[in-house]
file coords.txt (compact mmCIF, C-alpha atoms and all ligand atoms)
# COMPACT_ATOMS: atom_id res chain seq x y z
CA VAL A 1439 -0.67 19.34 10.20
CA ASN A 1440 -3.01 16.43 10.44
CA LEU A 1441 -3.01 13.54 8.03
CA GLN A 1442 -4.93 11.39 10.50
CA SER A 1443 -8.29 10.13 9.29
CA ASP A 1444 -11.15 8.96 11.46
CA LEU A 1445 -10.87 5.18 11.53
CA LEU A 1446 -13.88 2.93 11.71
CA TYR A 1447 -13.64 -0.84 12.06
CA LEU A 1448 -16.86 -2.58 11.06
CA SER A 1449 -17.73 -6.24 10.74
CA ARG A 1450 -20.62 -5.60 8.31
CA LEU A 1451 -21.04 -3.35 5.29
CA PRO A 1452 -21.92 0.18 6.45
CA SER A 1453 -25.33 1.66 5.82
CA PRO A 1454 -25.19 4.76 3.58
CA HIS A 1455 -25.83 7.30 6.38
CA LEU A 1456 -22.73 6.07 8.23
CA ILE A 1457 -20.50 6.93 5.27
CA ALA A 1458 -21.43 10.52 4.45
CA GLU A 1459 -24.41 12.80 3.94
CA ASN A 1460 -24.28 12.93 0.12
CA PRO A 1461 -21.88 10.20 -0.93
CA ILE A 1462 -20.83 9.66 -4.52
CA LEU A 1463 -19.32 6.21 -4.71
CA ILE A 1464 -16.45 5.48 -7.05
CA PHE A 1465 -15.96 1.74 -6.86
CA ASP A 1466 -14.00 -1.10 -8.42
CA ARG A 1467 -16.41 -2.75 -10.88
CA ARG A 1468 -14.93 -6.13 -10.03
CA LEU A 1469 -16.72 -5.96 -6.68
CA LEU A 1470 -20.04 -6.42 -8.51
CA LYS A 1471 -19.12 -10.08 -8.95
CA ASN A 1472 -20.04 -10.63 -5.31
CA ASN A 1473 -23.84 -10.58 -4.93
CA GLN A 1474 -23.94 -9.18 -1.41
CA ILE A 1475 -21.57 -6.38 -2.31
CA LYS A 1476 -23.54 -5.71 -5.48
CA LYS A 1477 -26.79 -5.37 -3.51
CA TRP A 1478 -25.09 -3.05 -1.05
CA LEU A 1479 -23.63 -0.87 -3.82
CA GLN A 1480 -27.09 -0.61 -5.38
CA LYS A 1481 -28.37 1.10 -2.23
CA PHE A 1482 -26.39 4.17 -3.27
CA PRO A 1483 -28.15 6.20 -5.97
CA ASN A 1484 -24.98 8.04 -7.00
CA ARG A 1485 -22.22 5.70 -8.00
CA TYR A 1486 -19.64 5.24 -10.70
CA GLY A 1487 -17.88 1.95 -11.46
CA VAL A 1488 -14.28 1.92 -12.69
CA ASP A 1489 -11.81 -0.76 -13.80
CA ALA A 1490 -9.10 -1.04 -11.15
CA GLY A 1491 -5.41 -1.16 -11.96
CA GLU A 1492 -2.62 1.09 -13.13
CA SER A 1493 -4.55 2.21 -16.24
CA LEU A 1494 -7.14 3.85 -13.96
CA LYS A 1495 -4.32 6.04 -12.65
CA GLN A 1496 -3.24 7.16 -16.16
CA ILE A 1497 -3.40 10.93 -16.44
CA ILE A 1498 -4.53 10.67 -20.07
CA SER A 1499 -7.88 9.16 -19.07
CA PHE A 1500 -8.47 11.55 -16.16
CA ASN A 1501 -10.64 13.86 -18.26
CA VAL A 1502 -13.11 11.06 -19.01
CA HIS A 1503 -13.63 10.41 -15.30
CA VAL A 1504 -13.99 14.11 -14.47
CA ASN A 1505 -16.73 14.42 -17.10
CA ALA A 1506 -18.55 11.38 -15.71
CA LEU A 1507 -18.38 12.85 -12.22
CA LEU A 1508 -19.60 16.25 -13.43
CA LYS A 1509 -22.66 14.55 -14.94
CA ILE A 1510 -23.48 12.87 -11.63
CA VAL A 1511 -22.98 16.12 -9.69
CA GLU A 1512 -25.25 17.97 -12.12
CA ARG A 1513 -27.94 15.36 -11.57
CA VAL A 1514 -27.60 15.37 -7.77
CA LYS A 1515 -27.86 19.17 -7.58
CA ILE A 1516 -26.25 19.17 -4.14
CA LYS A 1517 -23.15 21.22 -3.54
CA LYS A 1518 -21.77 19.37 -0.50
CA ILE A 1519 -20.79 16.03 -1.95
CA THR A 1520 -18.34 13.48 -0.55
CA LEU A 1521 -16.34 11.17 -2.81
CA VAL A 1522 -16.11 7.61 -1.52
CA ALA A 1523 -13.39 5.33 -2.88
CA ILE A 1524 -14.27 1.65 -2.69
CA GLY A 1525 -11.54 -0.65 -3.94
CA GLY A 1526 -7.85 -1.37 -3.74
CA GLY A 1527 -4.89 1.00 -3.83
CA SER A 1528 -5.35 2.00 -7.46
CA VAL A 1529 -8.93 3.16 -6.84
CA GLY A 1530 -7.85 4.91 -3.63
CA ASP A 1531 -4.94 6.73 -5.30
CA PHE A 1532 -7.14 7.83 -8.20
CA VAL A 1533 -10.20 8.90 -6.19
CA GLY A 1534 -7.93 10.57 -3.62
CA PHE A 1535 -6.37 12.70 -6.33
CA LEU A 1536 -9.74 13.45 -7.90
CA ALA A 1537 -11.20 14.52 -4.54
CA SER A 1538 -8.21 16.77 -3.89
CA VAL A 1539 -8.68 18.77 -7.12
CA PHE A 1540 -12.39 18.45 -7.97
CA LYS A 1541 -14.00 21.86 -7.33
CA ARG A 1542 -10.74 22.67 -5.49
CA GLY A 1543 -11.26 19.83 -3.06
CA VAL A 1544 -14.23 17.83 -1.77
CA PRO A 1545 -14.38 15.54 1.29
CA LEU A 1546 -13.07 12.02 0.80
CA VAL A 1547 -13.85 8.64 2.41
CA HIS A 1548 -11.84 5.47 1.78
CA ILE A 1549 -13.38 2.02 2.06
CA PRO A 1550 -10.51 -0.31 1.13
CA SER A 1551 -11.33 -3.66 -0.44
CA THR A 1552 -7.79 -5.13 -0.63
CA TRP A 1553 -5.42 -5.90 2.23
CA LEU A 1554 -2.80 -3.60 0.72
CA ALA A 1555 -5.24 -0.69 0.73
CA ALA A 1556 -6.47 -1.56 4.24
CA ILE A 1557 -2.96 -1.80 5.72
CA ASP A 1558 -1.24 0.90 3.75
CA SER A 1559 -2.52 2.98 0.86
CA SER A 1560 -5.78 4.33 2.31
CA HIS A 1561 -3.88 5.94 5.21
CA GLY A 1562 -1.47 8.85 5.22
CA GLY A 1563 -2.98 10.99 2.49
CA LYS A 1564 -0.81 10.22 -0.52
CA THR A 1565 -2.72 10.34 -3.80
CA ALA A 1566 -1.26 9.52 -7.19
CA LEU A 1567 -1.65 9.38 -10.95
CA ASN A 1568 0.75 7.83 -13.44
CA ALA A 1569 2.27 9.94 -16.22
CA GLY A 1570 4.98 9.66 -18.84
CA GLY A 1571 4.98 5.88 -18.51
CA CYS A 1572 6.04 6.08 -14.84
CA LYS A 1573 4.10 5.41 -11.67
CA ASN A 1574 2.92 8.07 -9.24
CA GLN A 1575 4.42 11.10 -11.01
CA ILE A 1576 1.44 13.35 -10.24
CA GLY A 1577 -0.04 13.56 -6.78
CA THR A 1578 -1.19 15.45 -3.75
CA PHE A 1579 -1.33 14.96 -0.01
CA TYR A 1580 -5.03 14.66 0.72
CA PRO A 1581 -6.11 12.53 3.68
CA ALA A 1582 -9.55 10.96 3.80
CA GLU A 1583 -11.88 12.37 6.43
CA LYS A 1584 -12.83 8.81 7.23
CA VAL A 1585 -11.38 5.38 6.50
CA ILE A 1586 -13.81 2.52 6.97
CA ILE A 1587 -12.15 -0.86 7.47
CA CYS A 1588 -14.91 -3.36 6.78
CA LYS A 1589 -14.39 -7.04 7.52
CA GLN A 1590 -17.19 -8.25 5.25
CA LEU A 1591 -15.74 -6.40 2.26
CA LEU A 1592 -12.13 -7.42 2.90
CA PHE A 1593 -13.13 -11.05 3.43
CA THR A 1594 -14.58 -11.25 -0.09
CA GLN A 1595 -10.96 -11.59 -1.24
CA PRO A 1596 -9.73 -15.12 -1.86
CA GLU A 1597 -7.52 -16.58 0.89
CA GLU A 1598 -4.36 -16.43 -1.28
CA ARG A 1599 -4.54 -12.63 -1.27
CA VAL A 1600 -3.20 -12.81 2.29
CA SER A 1601 0.09 -14.16 0.96
CA ASP A 1602 0.21 -11.32 -1.58
CA ALA A 1603 -0.06 -8.90 1.33
CA MET A 1604 2.66 -10.61 3.40
CA GLY A 1605 5.37 -8.24 2.10
CA GLU A 1606 3.71 -5.23 3.74
CA ILE A 1607 2.86 -7.22 6.87
CA LEU A 1608 6.44 -8.43 7.41
CA LYS A 1609 7.75 -4.96 6.62
CA THR A 1610 5.61 -3.36 9.32
CA GLY A 1611 6.54 -6.01 11.91
CA LEU A 1612 10.27 -5.57 11.25
CA LEU A 1613 10.11 -1.77 11.24
CA CYS A 1614 7.96 -1.57 14.37
CA GLY A 1615 9.92 -4.09 16.46
CA GLY A 1616 8.97 -4.22 20.17
CA GLN A 1617 5.90 -6.12 21.29
CA LEU A 1618 4.32 -6.25 17.82
CA TRP A 1619 7.37 -7.99 16.37
CA LYS A 1620 7.68 -10.26 19.42
CA THR A 1621 4.13 -11.54 19.03
CA MET A 1622 4.01 -11.54 15.25
CA SER A 1623 7.33 -13.29 14.77
CA LEU A 1624 5.93 -16.35 16.56
CA GLU A 1625 3.04 -16.75 14.13
CA LYS A 1626 3.43 -19.76 11.87
CA HIS A 1627 0.42 -19.15 9.74
CA PHE A 1628 -1.31 -15.99 8.59
CA ASP A 1629 -4.84 -16.31 7.25
CA LYS A 1630 -7.67 -13.79 6.83
CA LYS A 1631 -8.84 -14.15 10.43
CA LYS A 1632 -5.38 -13.60 11.85
CA LEU A 1633 -4.69 -10.68 9.56
CA TRP A 1634 -7.95 -9.05 10.66
CA LEU A 1635 -6.74 -9.22 14.28
CA TYR A 1636 -3.37 -7.67 13.43
CA LEU A 1637 -4.83 -4.98 11.18
CA PRO A 1638 -5.31 -2.26 13.86
CA HIS A 1639 -1.69 -2.66 15.00
CA LEU A 1640 -0.31 -2.52 11.47
CA ILE A 1641 -2.42 0.54 10.67
CA SER A 1642 -1.55 2.40 13.86
CA TYR A 1643 2.17 1.95 13.11
CA LYS A 1644 1.69 3.72 9.77
CA TYR A 1645 -0.13 6.64 11.45
CA LYS A 1646 2.61 6.87 14.07
CA ILE A 1647 5.23 7.44 11.37
CA VAL A 1648 3.05 9.64 9.17
CA GLU A 1649 2.20 11.91 12.12
CA LYS A 1650 5.89 12.62 12.76
CA ASP A 1651 6.69 13.39 9.12
CA PRO A 1652 3.42 14.00 7.28
CA TYR A 1653 4.88 15.45 4.08
CA GLU A 1654 7.98 13.24 3.95
CA LYS A 1655 10.17 16.27 4.64
CA LYS A 1656 12.24 14.93 7.53
CA GLY A 1657 13.15 11.62 5.98
CA LEU A 1658 11.36 9.66 8.71
CA ARG A 1659 8.39 8.66 6.57
CA TYR A 1660 10.88 7.30 4.07
CA ILE A 1661 11.51 4.25 6.30
CA LEU A 1662 8.11 2.97 5.14
CA ASN A 1663 9.93 2.22 1.88
CA PHE A 1664 11.81 -0.64 3.55
CA GLY A 1665 12.05 -3.44 0.97
CA HIS A 1666 10.68 -1.18 -1.76
CA THR A 1667 13.85 -0.16 -3.65
CA PHE A 1668 14.42 -3.60 -5.14
CA GLY A 1669 10.71 -4.36 -4.72
CA HIS A 1670 9.66 -1.59 -7.12
CA VAL A 1671 12.08 -2.85 -9.78
CA LEU A 1672 10.53 -6.32 -9.53
CA GLU A 1673 7.00 -4.92 -9.51
CA THR A 1674 7.70 -2.96 -12.70
CA THR A 1675 9.74 -5.51 -14.63
CA GLN A 1676 8.12 -8.79 -13.55
CA ASN A 1677 4.57 -7.52 -13.11
CA LEU A 1678 4.46 -9.03 -9.63
CA PRO A 1679 1.77 -7.95 -7.15
CA HIS A 1680 3.08 -5.15 -4.95
CA GLY A 1681 3.22 -7.23 -1.76
CA VAL A 1682 5.01 -10.14 -3.45
CA ALA A 1683 7.63 -7.80 -4.91
CA VAL A 1684 8.09 -6.12 -1.53
CA ASN A 1685 8.50 -9.52 0.13
CA ILE A 1686 11.43 -10.32 -2.18
CA GLY A 1687 12.71 -6.77 -1.73
CA LEU A 1688 12.67 -7.31 2.04
CA ARG A 1689 14.94 -10.33 1.90
CA LEU A 1690 17.28 -8.38 -0.37
CA ALA A 1691 17.22 -5.37 2.00
CA LEU A 1692 18.02 -7.64 4.96
CA GLU A 1693 20.84 -9.35 3.06
CA PHE A 1694 22.16 -5.96 1.94
CA SER A 1695 22.06 -4.81 5.59
CA ALA A 1696 24.31 -7.76 6.51
CA ASP A 1697 26.52 -7.17 3.45
CA GLN A 1698 27.09 -3.57 4.62
CA ASN A 1699 27.71 -4.73 8.24
CA ILE A 1700 24.64 -2.92 9.51
CA ILE A 1701 23.19 -6.11 10.97
CA SER A 1702 25.35 -9.02 12.15
CA ARG A 1703 24.94 -12.37 10.40
CA ASN A 1704 24.00 -13.82 13.77
CA ASP A 1705 21.18 -11.32 14.37
CA LEU A 1706 19.96 -11.83 10.82
CA ARG A 1707 19.88 -15.59 11.36
CA LYS A 1708 17.70 -15.03 14.44
CA ILE A 1709 15.23 -13.05 12.33
CA TYR A 1710 15.20 -15.72 9.61
CA GLN A 1711 14.64 -18.46 12.19
CA THR A 1712 11.42 -16.98 13.60
CA PRO A 1713 8.32 -19.01 12.63
CA LEU A 1714 6.90 -15.97 10.83
CA MET A 1715 9.91 -15.50 8.58
CA GLN A 1716 10.44 -19.22 8.04
CA ASN A 1717 6.94 -19.54 6.69
CA HIS A 1718 6.30 -16.21 5.03
CA LEU A 1719 9.48 -14.44 3.90
CA ALA A 1720 10.33 -14.99 0.21
CA ASN A 1721 12.78 -17.87 0.04
CA PRO A 1722 16.29 -17.42 -1.42
CA LYS A 1723 15.48 -19.57 -4.45
CA ASP A 1724 12.52 -17.40 -5.47
CA VAL A 1725 14.61 -14.29 -4.94
CA GLU A 1726 17.33 -15.67 -7.21
CA THR A 1727 14.86 -16.77 -9.89
CA GLN A 1728 13.23 -13.34 -9.99
CA LEU A 1729 16.56 -11.49 -10.03
CA ASN A 1730 17.81 -13.65 -12.89
CA LYS A 1731 14.79 -12.62 -14.95
CA ILE A 1732 15.72 -8.93 -14.83
CA LYS A 1733 18.01 -8.12 -17.71
CA ASN A 1734 19.36 -4.71 -16.73
CA ILE A 1735 18.56 -3.89 -13.12
CA SER A 1736 20.90 -0.89 -13.17
CA THR A 1737 18.69 0.91 -15.71
CA TYR A 1738 15.73 0.61 -13.35
CA LEU A 1739 17.66 1.65 -10.26
CA PHE A 1740 19.00 4.70 -12.11
CA GLN A 1741 15.39 5.59 -13.01
CA ASP A 1742 14.40 5.79 -9.34
CA LYS A 1743 12.84 9.20 -8.80
CA LYS A 1744 14.79 9.63 -5.53
CA LEU A 1745 18.20 9.25 -7.22
CA SER A 1746 20.57 12.12 -6.33
CA LYS A 1747 22.83 13.86 -8.86
CA LYS A 1748 25.81 11.92 -7.52
CA GLY A 1749 24.14 8.60 -8.32
CA LEU A 1750 23.22 7.96 -4.70
CA LEU A 1751 19.99 6.38 -3.55
CA HIS A 1752 18.42 6.48 -0.10
CA PHE A 1753 18.22 2.90 1.05
CA VAL A 1754 16.38 1.63 4.12
CA PHE A 1755 18.55 -0.76 6.16
CA LEU A 1756 17.70 -2.61 9.37
CA SER A 1757 20.12 -3.11 12.25
CA LYS A 1758 17.55 -5.03 14.30
CA PRO A 1759 13.74 -5.25 14.46
CA GLY A 1760 12.49 -1.76 15.31
CA LYS A 1761 15.77 -0.09 14.24
CA PRO A 1762 15.65 0.98 10.60
CA PHE A 1763 18.23 3.36 9.10
CA VAL A 1764 18.15 5.38 5.93
CA ILE A 1765 21.58 5.72 4.34
CA GLU A 1766 22.59 7.14 0.97
CA VAL A 1767 24.36 4.48 -1.05
CA PRO A 1768 25.82 4.52 -4.55
CA VAL A 1769 23.66 2.63 -7.01
CA SER A 1770 26.89 0.90 -8.09
CA SER A 1771 27.27 -0.80 -4.70
CA MET A 1772 23.67 -2.01 -4.91
CA ILE A 1773 24.39 -3.47 -8.32
CA ASN A 1774 27.55 -5.17 -7.06
CA PHE A 1775 25.58 -6.65 -4.19
CA ILE A 1776 22.94 -8.07 -6.55
CA LYS A 1777 25.64 -9.72 -8.68
N1 LIG A 1801 -1.14 6.00 -1.64
C1 LIG A 1801 -0.30 5.19 -1.01
O1 LIG A 1801 0.20 5.51 0.08
C2 LIG A 1801 0.04 3.86 -1.62
C3 LIG A 1801 0.78 2.93 -0.90
C4 LIG A 1801 1.04 1.68 -1.47
C5 LIG A 1801 0.52 1.38 -2.73
N2 LIG A 1801 -0.19 2.31 -3.41
C6 LIG A 1801 -0.77 2.01 -4.74
O2 LIG A 1801 -1.73 0.97 -4.57
C7 LIG A 1801 -1.86 0.23 -5.78
C8 LIG A 1801 -1.80 -1.26 -5.47
O3 LIG A 1801 -2.81 -1.59 -4.55
P1 LIG A 1801 -3.82 -2.83 -4.79
O4 LIG A 1801 -3.04 -4.05 -5.02
O5 LIG A 1801 -4.85 -2.78 -3.73
O6 LIG A 1801 -4.41 -2.34 -6.20
P2 LIG A 1801 -5.67 -2.58 -7.11
O7 LIG A 1801 -6.68 -1.54 -6.82
O8 LIG A 1801 -5.14 -2.59 -8.51
O9 LIG A 1801 -6.25 -4.01 -6.73
C9 LIG A 1801 -5.59 -5.19 -7.11
C10 LIG A 1801 -6.59 -6.17 -7.74
O10 LIG A 1801 -7.51 -6.62 -6.75
C11 LIG A 1801 -8.84 -6.53 -7.25
N3 LIG A 1801 -9.72 -6.41 -6.07
C12 LIG A 1801 -10.01 -5.31 -5.35
N4 LIG A 1801 -10.82 -5.64 -4.32
C13 LIG A 1801 -11.03 -6.98 -4.39
C14 LIG A 1801 -11.77 -7.90 -3.61
N5 LIG A 1801 -12.41 -7.53 -2.49
N6 LIG A 1801 -11.78 -9.21 -4.00
C15 LIG A 1801 -11.10 -9.60 -5.09
N7 LIG A 1801 -10.37 -8.77 -5.87
C16 LIG A 1801 -10.34 -7.48 -5.51
C17 LIG A 1801 -8.80 -5.36 -8.19
O11 LIG A 1801 -9.87 -5.41 -9.12
C18 LIG A 1801 -7.43 -5.55 -8.85
O12 LIG A 1801 -7.53 -6.48 -9.89
C19 LIG A 1801 -0.73 0.70 -6.69
O13 LIG A 1801 -1.26 1.57 -7.67
C20 LIG A 1801 0.21 1.45 -5.75
O14 LIG A 1801 0.95 2.45 -6.41
C21 LIG A 1801 -0.45 3.53 -2.87

call {"tool": "encode", "arguments": {"input": "coords.txt", "output": "structure tokens", "more": "lines below"}}
Ligand SMILES: NC(=O)c1ccc[n+]([C@@H]2O[C@H](COP(=O)([O-])OP(=O)(O)OC[C@H]3O[C@@H](n4cnc5c(N)ncnc54)[C@H](O)[C@@H]3O)[C@@H](O)[C@H]2O)c1
result
Amino acid sequence: VNLQSDLLYLSRLPSPHLIAENPILIFDRRLLKNNQIKKWLQKFPNRYGVDAGESLKQIISFNVHVNALLKIVERVKIKKITLVAIGGGSVGDFVGFLASVFKRGVPLVHIPSTWLAAIDSSHGGKTALNAGGCKNQIGTFYPAEKVIICKQLLFTQPEERVSDAMGEILKTGLLCGGQLWKTMSLEKHFDKKKLWLYLPHLISYKYKIVEKDPYEKKGLRYILNFGHTFGHVLETTQNLPHGVAVNIGLRLALEFSADQNIISRNDLRKIYQTPLMQNHLANPKDVETQLNKIKNISTYLFQDKKLSKKGLLHFVFLSKPGKPFVIEVPVSSMINFIK
């Protein structure tokens, strides 16, 4: 089993031949707002612009996109095509799924344009569509042959996008522990340049976990959901960006770890006192404000697709940096903790 993709780190936008022999680009239309990116996209004769976001992942509009792709393929008259996803996680999830089923599977390349996609979603082969009003109900495991991490493309994002990504960055540092945590935890300020330097370490951690449990069968890959149980509720109900919701979810997961005596208050204080956490972890006030806005958190927790028949949810706890644990807990104790 190999969900590893070839990884390419580039400072400049890649020339077409570096991507694939017959690439068909499916890109986030928003990228056309940047003139350099627009010129680059125009070098590719076969391309299809989409509007990024959760609506792109709706199964009901899938047919429209398949028809558009069929028209391009008809025009190209080449059998060996490669689909290239250029955009954030929504574009990657959608194109990944499309590539996995189109003509029973065609090669796929990811070129992420958001930090979230660069750190997380373009690696590990999970593809997804939304159905029945819920996220990611339809999907396949379909790794990209190649993932191109391009500095010029990622740096077109405004600086504040780094803070949106902090949830996933902190999560990886805490899960990984060891030298990565040691170095990272001393960072006071994360900007684009710093994030670019950390990117290979954050990405290689994800591959390390995915390699050991590619299809999420052994429970190990599940630790990547650290901070996501509460995070997903906030993302859905408050419409917060994924990374922001995960950041709040991380503080809640850490507090819940202390509440359940999995981490000592003293060890937790040490984590909170690191420059990284002081400056970048969601502060308790924001956490409280967001929690107060959710009317009936229990409804959302009970909707979690991983809920067992006994009303238990797998929750990722941390006993210290680098030592996550997955334990089944009753949703009721999570609700009591939130109160
Ligand atoms: N497959 C996985 O393993 C996995 C993991 C985590 C998240 N996800 C999925 O990823 C999605 C969230 O990722 P996302 O936040 O990247 O989504 P996104 O694609 O919706 O992008 C977020 C916003 O950023 C804009 N954008 C993209 N590139 C930009 C750029 N260079 N400059 C300025 N704006 C830009 C988009 O137009 C969009 O408005 C969700 O659908 C989530 O379910 C998947």

call {"tool": "closest_residue", "arguments": {"input": "coords.txt", "among": "A:Lys1518, A:Leu1613, A:Leu1508, A:Pro1652", "to": "ligand LIG 1801 (chain A)", "atoms": "all atoms listed in the file"}}
result
A:Pro1652

call {"tool": "closest_residue", "arguments": {"input": "coords.txt", "among": "A:Ile1776, A:Ile1557, A:Val1544, A:Ala1720", "to": "Ile1686 in chain A", "atoms": "all atoms listed in the file"}}
result
A:Ala1720

call {"tool": "closest_atom_pairs", "arguments": {"input": "coords.txt", "of": "chain A", "to": "ligand LIG 1801 (chain A)", "cutoff": "8 Å", "atoms": "only C-alpha atoms and all ligand atoms", "output": "tab-separated table"}}
result
residue	atom	partner	partner_atom	distance
A:Asp1466	CA	A:LIG1801	O11	6.0
A:Arg1467	CA	A:LIG1801	O11	7.3
A:Arg1468	CA	A:LIG1801	O11	5.2
A:Leu1469	CA	A:LIG1801	C14	6.1
A:Asp1489	CA	A:LIG1801	O11	6.9
A:Ala1490	CA	A:LIG1801	O11	4.9
A:Gly1491	CA	A:LIG1801	O8	3.7
A:Glu1492	CA	A:LIG1801	O13	5.6
A:Lys1495	CA	A:LIG1801	O13	7.4
A:Gly1525	CA	A:LIG1801	N4	5.1
A:Gly1526	CA	A:LIG1801	O7	3.3
A:Gly1527	CA	A:LIG1801	O2	3.2
A:Ser1528	CA	A:LIG1801	O7	3.8
A:Val1529	CA	A:LIG1801	O7	5.2
A:Gly1530	CA	A:LIG1801	N1	7.1
A:Asp1531	CA	A:LIG1801	N1	5.3
A:Pro1550	CA	A:LIG1801	N4	7.6
A:Ser1551	CA	A:LIG1801	N4	4.4
A:Thr1552	CA	A:LIG1801	N4	4.8
A:Trp1553	CA	A:LIG1801	O5	6.8
A:Leu1554	CA	A:LIG1801	O5	5.0
A:Ala1555	CA	A:LIG1801	O5	4.9
A:Asp1558	CA	A:LIG1801	C3	5.5
A:Ser1559	CA	A:LIG1801	C1	3.6
A:Ser1560	CA	A:LIG1801	N1	6.3
A:His1561	CA	A:LIG1801	O1	6.6
A:Gly1562	CA	A:LIG1801	O1	6.4
A:Gly1563	CA	A:LIG1801	N1	6.7
A:Lys1564	CA	A:LIG1801	N1	4.4
A:Thr1565	CA	A:LIG1801	N1	5.1
A:Ala1566	CA	A:LIG1801	N1	6.6
A:Lys1573	CA	A:LIG1801	O14	6.8
A:Asn1574	CA	A:LIG1801	O14	6.6
A:Leu1591	CA	A:LIG1801	N5	5.9
A:Leu1592	CA	A:LIG1801	N5	5.4
A:Phe1593	CA	A:LIG1801	N5	6.9
A:Thr1594	CA	A:LIG1801	N5	4.9
A:Gln1595	CA	A:LIG1801	N6	3.7
A:Pro1596	CA	A:LIG1801	C15	6.5
A:Pro1679	CA	A:LIG1801	O4	6.5
A:His1680	CA	A:LIG1801	O4	6.2
A:Gly1681	CA	A:LIG1801	O4	7.7

call {"tool": "residues_near_point", "arguments": {"input": "coords.txt", "point": "(-24.9, 13.3, -3.6)", "cutoff": "10 Å", "atoms": "all atoms listed in the file", "output": "list in words"}}
result
Ala1458, Glu1459, Asn1460, Pro1461, Ile1462, Leu1463, Phe1482, Pro1483, Asn1484, Arg1485, Ile1510, Val1511, Glu1512, Arg1513, Val1514, Lys1515, Ile1516, Lys1517, Lys1518, Ile1519, Thr1520 and Leu1521 of chain A

call {"tool": "atom_distance", "arguments": {"input": "coords.txt", "atom1": "CA of Leu1612 in chain A", "atom2": "CA of Val1767 in chain A"}}
result
21.2 Å

call {"tool": "closest_residue", "arguments": {"input": "coords.txt", "among": "A:Glu1625, A:Glu1597, A:Glu1654, A:Glu1649", "to": "Ser1443 in chain A", "atoms": "all atoms listed in the file"}}
result
A:Glu1649

call {"tool": "atom_distance", "arguments": {"input": "coords.txt", "atom1": "CA of Ser1702 in chain A", "atom2": "CA of Val1764 in chain A"}}
result
17.3 Å

call {"tool": "residues_near_point", "arguments": {"input": "coords.txt", "point": "(-24.0, -3.4, -1.8)", "cutoff": "12 Å", "atoms": "only C-alpha atoms", "output": "MDAnalysis selection string"}}
result
chainID A and resid 1450:1454 1463 1465 1467 1469:1483 1485 1524 1590:1591

call {"tool": "atom_distance", "arguments": {"input": "coords.txt", "atom1": "CA of Ile1586 in chain A", "atom2": "CA of Pro1638 in chain A"}}
result
11.9 Å

call {"tool": "closest_residue", "arguments": {"input": "coords.txt", "among": "A:Leu1739, A:Val1502, A:Val1522, A:Leu1688", "to": "Pro1768 in chain A", "atoms": "only C-alpha atoms"}}
result
A:Leu1739

call {"tool": "closest_atom_pairs", "arguments": {"input": "coords.txt", "of": "range 1594-1688 of chain A", "to": "range 1741-1752 of chain A", "cutoff": "10 Å", "atoms": "all atoms listed in the file", "output": "Markdown table"}}
result
| residue | atom | partner | partner_atom | distance |
| --- | --- | --- | --- | --- |
| A:Gly1657 | CA | A:His1752 | CA | 9.5 |
| A:Tyr1660 | CA | A:His1752 | CA | 8.7 |
| A:Ile1661 | CA | A:His1752 | CA | 9.7 |
| A:Asn1663 | CA | A:His1752 | CA | 9.7 |
| A:Thr1667 | CA | A:Asp1742 | CA | 8.3 |
| A:His1670 | CA | A:Asp1742 | CA | 9.0 |
| A:Val1671 | CA | A:Asp1742 | CA | 9.0 |

call {"tool": "closest_residue", "arguments": {"input": "coords.txt", "among": "A:Leu1635, A:Ala1582, A:Ile1497, A:Ile1641", "to": "Ser1449 in chain A", "atoms": "only C-alpha atoms"}}
result
A:Leu1635

call {"tool": "closest_residue", "arguments": {"input": "coords.txt", "among": "A:Gln1575, A:Asn1721, A:Gln1442, A:Asn1568", "to": "Gly1687 in chain A", "atoms": "all atoms listed in the file"}}
result
A:Asn1721

call {"tool": "residues_around", "arguments": {"input": "coords.txt", "residues": "Gly1616 in chain A", "least_positions_apart": "2", "cutoff": "8 Å", "atoms": "only C-alpha atoms", "output": "short mmCIF file (atom, residue, chain, number, x, y, z; two decimals) with C-alpha atoms, in the coordinates of the input"}}
result
data_model
loop_
_atom_site.label_atom_id
_atom_site.label_comp_id
_atom_site.auth_asym_id
_atom_site.auth_seq_id
_atom_site.Cartn_x
_atom_site.Cartn_y
_atom_site.Cartn_z
CA CYS A 1614 7.96 -1.57 14.37
CA LEU A 1618 4.32 -6.25 17.82
CA TRP A 1619 7.37 -7.99 16.37
CA LYS A 1620 7.68 -10.26 19.42
CA PRO A 1759 13.74 -5.25 14.46
CA GLY A 1760 12.49 -1.76 15.31
#

call {"tool": "axis_aligned_box", "arguments": {"input": "coords.txt", "around": "range 1703-1707 of chain A", "padding_each_side": "5 Å", "output": "AutoDock Vina command-line options"}}
result
--center_x 22.4 --center_y -13.5 --center_z 12.4 --size_x 15.1 --size_y 14.3 --size_z 14.0

call {"tool": "residues_around", "arguments": {"input": "coords.txt", "residues": "Glu1726 in chain A", "least_positions_apart": "2", "cutoff": "12 Å", "atoms": "only C-alpha atoms", "output": "list in words"}}
result
Leu1672, Ile1686, Gly1687, Arg1689, Leu1690, Ala1720, Asn1721, Pro1722, Lys1723, Asp1724, Gln1728, Leu1729, Asn1730, Lys1731, Ile1732, Ile1776 and Lys1777 of chain A
